[in-house]
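Encoded as structure tokens, the structure appears first; notes follow it.
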Amino acid sequence: MNRENIGFIGLGNMGNPMAKNLERAGFPLAVYNRNIARTTDFAAQSTVYSEVTDLIEASDVVFTMLTNDEAVEEVYGKILEQPISGKLFVDMSTIAQDVSINLANKLKAKGAAFLDAPVAGSTKPAAEGTLIIMVGGEQTNLERARPYLEKMGKSIKHLGENGKGIAAKLAINYFLSILYQGLAETILFSDQLGIERSEMLAIINESASGSGATKVKTPLLVEGNYTAAFALDLMLKDIRLAQQAGAAYPLLDTLLETYQKAHDKGLGQLDVIGIIESIKPSGV
């Protein structure tokens, strides 16, 4: 087994199960999270650090899974103050492409290596280690990271230079934002026409219009329970990132309006398919 020391920063709903898969695989693992309570599950088998700088010093390969541009820039600001030559950093967050490329350049200037490696999938695939991982960066760095990535994902797609992994993630989430709004509207329309949700969703899932995305949201729609696997506010963030990256297509303004309206109604922490609660007619 490769005996490099592995660090993982960011133990949110996605990061926690991803890091757990590394721990179960037996890699020497160190973890950090700003909220120390999230590290409790790792205390028995892995090293828990209360400072980012201590984790960086002890690690050869560091994975980061953070919420947004600001969180990534804050953490990497601390990283860049450390002696990091020879270390590999793999950022699995979904952030602006230019922010990611800028980080890559700064890390390279200090003798470190960097991959952007965001993921497709939510909490269940994260726990099962079946995420799709989209990678931007040098092939040699990917091969160094591959033994660890293979414990977190079922498919690793190398898409080219730094920033290309982020580009693919923004594109797939743009598609998903359209799909989820379309699914929500379809279910509301079938409700209006008197079709049971479970029956309509069975038709969707058994037809060419069905997909893994529609199937995973089916129980949430049937039960009306929108506990977040992927929060609506995160999708709104990603739609804005797509806009910043140059998306200017006919549905973009509609998506921004719809997801922003849901956020303004206080639905941002619901699962993304909770968008249905925002667009349903008043009084329903």
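The way I read the labels, and the way they are meant: chains A, B, ... in the order of the structure tokens, residue 1 as the first residue of every chain, and ligand 1 as the first ligand shown, with later ones counted on from there.
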
Closest pair table for range 145-199 of chain A residues within 10 Å of range 214-222 of chain A, only C-alpha atoms, as JSON lines:
{"residue": "A:Leu179", "atom": "CA", "partner": "A:Thr214", "partner_atom": "CA", "distance": 8.4}
{"residue": "A:Tyr180", "atom": "CA", "partner": "A:Thr214", "partner_atom": "CA", "distance": 8.0}
{"residue": "A:Leu183", "atom": "CA", "partner": "A:Thr214", "partner_atom": "CA", "distance": 7.5}
{"residue": "A:Ala184", "atom": "CA", "partner": "A:Leu221", "partner_atom": "CA", "distance": 8.6}
{"residue": "A:Ile187", "atom": "CA", "partner": "A:Leu221", "partner_atom": "CA", "distance": 8.4}
{"residue": "A:Glu196", "atom": "CA", "partner": "A:Val222", "partner_atom": "CA", "distance": 8.9}
{"residue": "A:Arg197", "atom": "CA", "partner": "A:Val222", "partner_atom": "CA", "distance": 5.9}
{"residue": "A:Ser198", "atom": "CA", "partner": "A:Val222", "partner_atom": "CA", "distance": 5.9}
{"residue": "A:Glu199", "atom": "CA", "partner": "A:Val222", "partner_atom": "CA", "distance": 9.6}

As a ChimeraX atom specification, please: every residue in range 95-224 of chain A that a backbone DSSP assignment puts in helix (DSSP H, G or I). /A:97-109,123-128,139-149,164-192,197-206,212-223

Find the nearest atom pair between each residue of range 172-282 of chain A and range 53-73 of chain A for residues within 10 Å, count only C-alpha atoms, give distances in Å to one decimal, sort rows by chain and ascending number, and present the table as CSV.
residue,atom,partner,partner_atom,distance
A:Leu234,CA,A:Thr67,CA,8.2
A:Lys237,CA,A:Asn68,CA,8.2
A:Asp238,CA,A:Asn68,CA,9.4
A:Leu241,CA,A:Asp69,CA,10.0

Could you write those residues out with N, CA and C atoms, as a PDB file, in the first residue's frame?
ATOM      1  N   LEU A 234     -26.835  25.337  -2.740  1.00  0.00           N
ATOM      2  CA  LEU A 234     -25.618  24.956  -3.450  1.00  0.00           C
ATOM      3  C   LEU A 234     -25.842  24.956  -4.960  1.00  0.00           C
ATOM      4  N   LYS A 237     -25.789  28.521  -6.111  1.00  0.00           N
ATOM      5  CA  LYS A 237     -24.386  28.940  -6.222  1.00  0.00           C
ATOM      6  C   LYS A 237     -23.785  28.466  -7.536  1.00  0.00           C
ATOM      7  N   ASP A 238     -24.054  27.207  -7.900  1.00  0.00           N
ATOM      8  CA  ASP A 238     -23.445  26.632  -9.098  1.00  0.00           C
ATOM      9  C   ASP A 238     -24.028  27.227 -10.380  1.00  0.00           C
ATOM     10  N   LEU A 241     -22.172  30.350 -10.763  1.00  0.00           N
ATOM     11  CA  LEU A 241     -20.823  30.071 -11.250  1.00  0.00           C
ATOM     12  C   LEU A 241     -20.835  29.779 -12.746  1.00  0.00           C
TER      13      LEU A 241
END

May I have the residues within 6 Å of range 112-120 of chain A as a short mmCIF file (atom, residue, chain, number, x, y, z; two decimals) with N, CA and C atoms, in the first residue's frame, using only C-alpha atoms and disregarding those fewer than 4 positions away in the same chain?
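Once written, selection_17.cif looks like this:
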data_model
loop_
_atom_site.label_atom_id
_atom_site.label_comp_id
_atom_site.auth_asym_id
_atom_site.auth_seq_id
_atom_site.Cartn_x
_atom_site.Cartn_y
_atom_site.Cartn_z
N ILE A 84 5.56 24.01 1.30
CA ILE A 84 4.72 22.95 0.72
C ILE A 84 5.34 22.30 -0.52
N SER A 85 6.60 22.55 -0.77
CA SER A 85 7.23 21.96 -1.95
C SER A 85 7.11 20.44 -1.91
N GLY A 86 6.71 19.86 -3.03
CA GLY A 86 6.58 18.41 -3.14
C GLY A 86 5.24 17.86 -2.74
N LYS A 87 4.40 18.65 -2.15
CA LYS A 87 3.09 18.18 -1.73
C LYS A 87 2.09 18.29 -2.88
N LEU A 88 1.06 17.45 -2.83
CA LEU A 88 -0.01 17.47 -3.83
C LEU A 88 -1.31 17.87 -3.16
N PHE A 89 -1.99 18.85 -3.75
CA PHE A 89 -3.28 19.31 -3.25
C PHE A 89 -4.36 18.97 -4.28
N VAL A 90 -5.44 18.41 -3.80
CA VAL A 90 -6.55 18.00 -4.67
C VAL A 90 -7.81 18.66 -4.14
N ASP A 91 -8.27 19.68 -4.86
CA ASP A 91 -9.48 20.38 -4.41
C ASP A 91 -10.70 19.78 -5.10
N MET A 92 -11.63 19.26 -4.28
CA MET A 92 -12.82 18.60 -4.79
C MET A 92 -14.05 19.48 -4.63
N SER A 93 -13.83 20.74 -4.29
CA SER A 93 -14.93 21.70 -4.14
C SER A 93 -15.45 22.14 -5.51
N THR A 94 -16.64 22.71 -5.51
CA THR A 94 -17.17 23.34 -6.72
C THR A 94 -17.05 24.85 -6.55
N ALA A 104 -3.99 26.99 -8.55
CA ALA A 104 -3.04 26.06 -9.16
C ALA A 104 -1.72 26.76 -9.47
N LEU A 107 0.23 27.59 -6.19
CA LEU A 107 0.81 26.40 -5.58
C LEU A 107 2.03 25.91 -6.37
N LYS A 108 1.91 25.93 -7.70
CA LYS A 108 3.05 25.53 -8.54
C LYS A 108 4.25 26.43 -8.30
N LEU A 131 -18.84 8.01 -6.56
CA LEU A 131 -18.89 9.31 -7.20
C LEU A 131 -18.21 9.25 -8.57
N ILE A 132 -18.55 10.19 -9.44
CA ILE A 132 -17.81 10.43 -10.67
C ILE A 132 -16.91 11.64 -10.40
N ILE A 133 -15.62 11.47 -10.64
CA ILE A 133 -14.65 12.50 -10.30
C ILE A 133 -14.07 13.08 -11.60
N MET A 134 -14.21 14.39 -11.74
CA MET A 134 -13.78 15.11 -12.94
C MET A 134 -12.50 15.86 -12.64
N VAL A 135 -11.43 15.55 -13.34
CA VAL A 135 -10.10 16.01 -12.93
C VAL A 135 -9.48 16.94 -13.97
N GLY A 136 -8.95 18.05 -13.48
CA GLY A 136 -8.12 18.94 -14.29
C GLY A 136 -6.73 19.02 -13.69
N GLY A 137 -5.70 18.87 -14.52
CA GLY A 137 -4.33 18.94 -14.03
C GLY A 137 -3.43 17.96 -14.75
N GLY A 165 -11.59 20.23 -14.83
CA GLY A 165 -12.49 19.48 -13.96
C GLY A 165 -13.63 20.36 -13.48
#

Neighbours of Tyr226 in chain A within 7 Å (only C-alpha atoms; same-chain residues fewer than 2 positions away dropped), as JSON, numbers by chain? {"A": [220, 224, 228, 270, 271, 274]}

Write to file, as a PDB file, in the first residue's frame, the residues of the selection just made, with C-alpha atoms.
ATOM      1  CA  LEU A 220     -38.483  12.692  -1.741  1.00  0.00           C
ATOM      2  CA  GLY A 224     -42.849  15.352   0.449  1.00  0.00           C
ATOM      3  CA  ALA A 228     -31.016  17.737   1.715  1.00  0.00           C
ATOM      4  CA  LEU A 270     -33.853  21.886   1.541  1.00  0.00           C
ATOM      5  CA  ASP A 271     -32.784  19.331  -1.036  1.00  0.00           C
ATOM      6  CA  GLY A 274     -37.480  21.179  -2.865  1.00  0.00           C
TER       7      GLY A 274
END
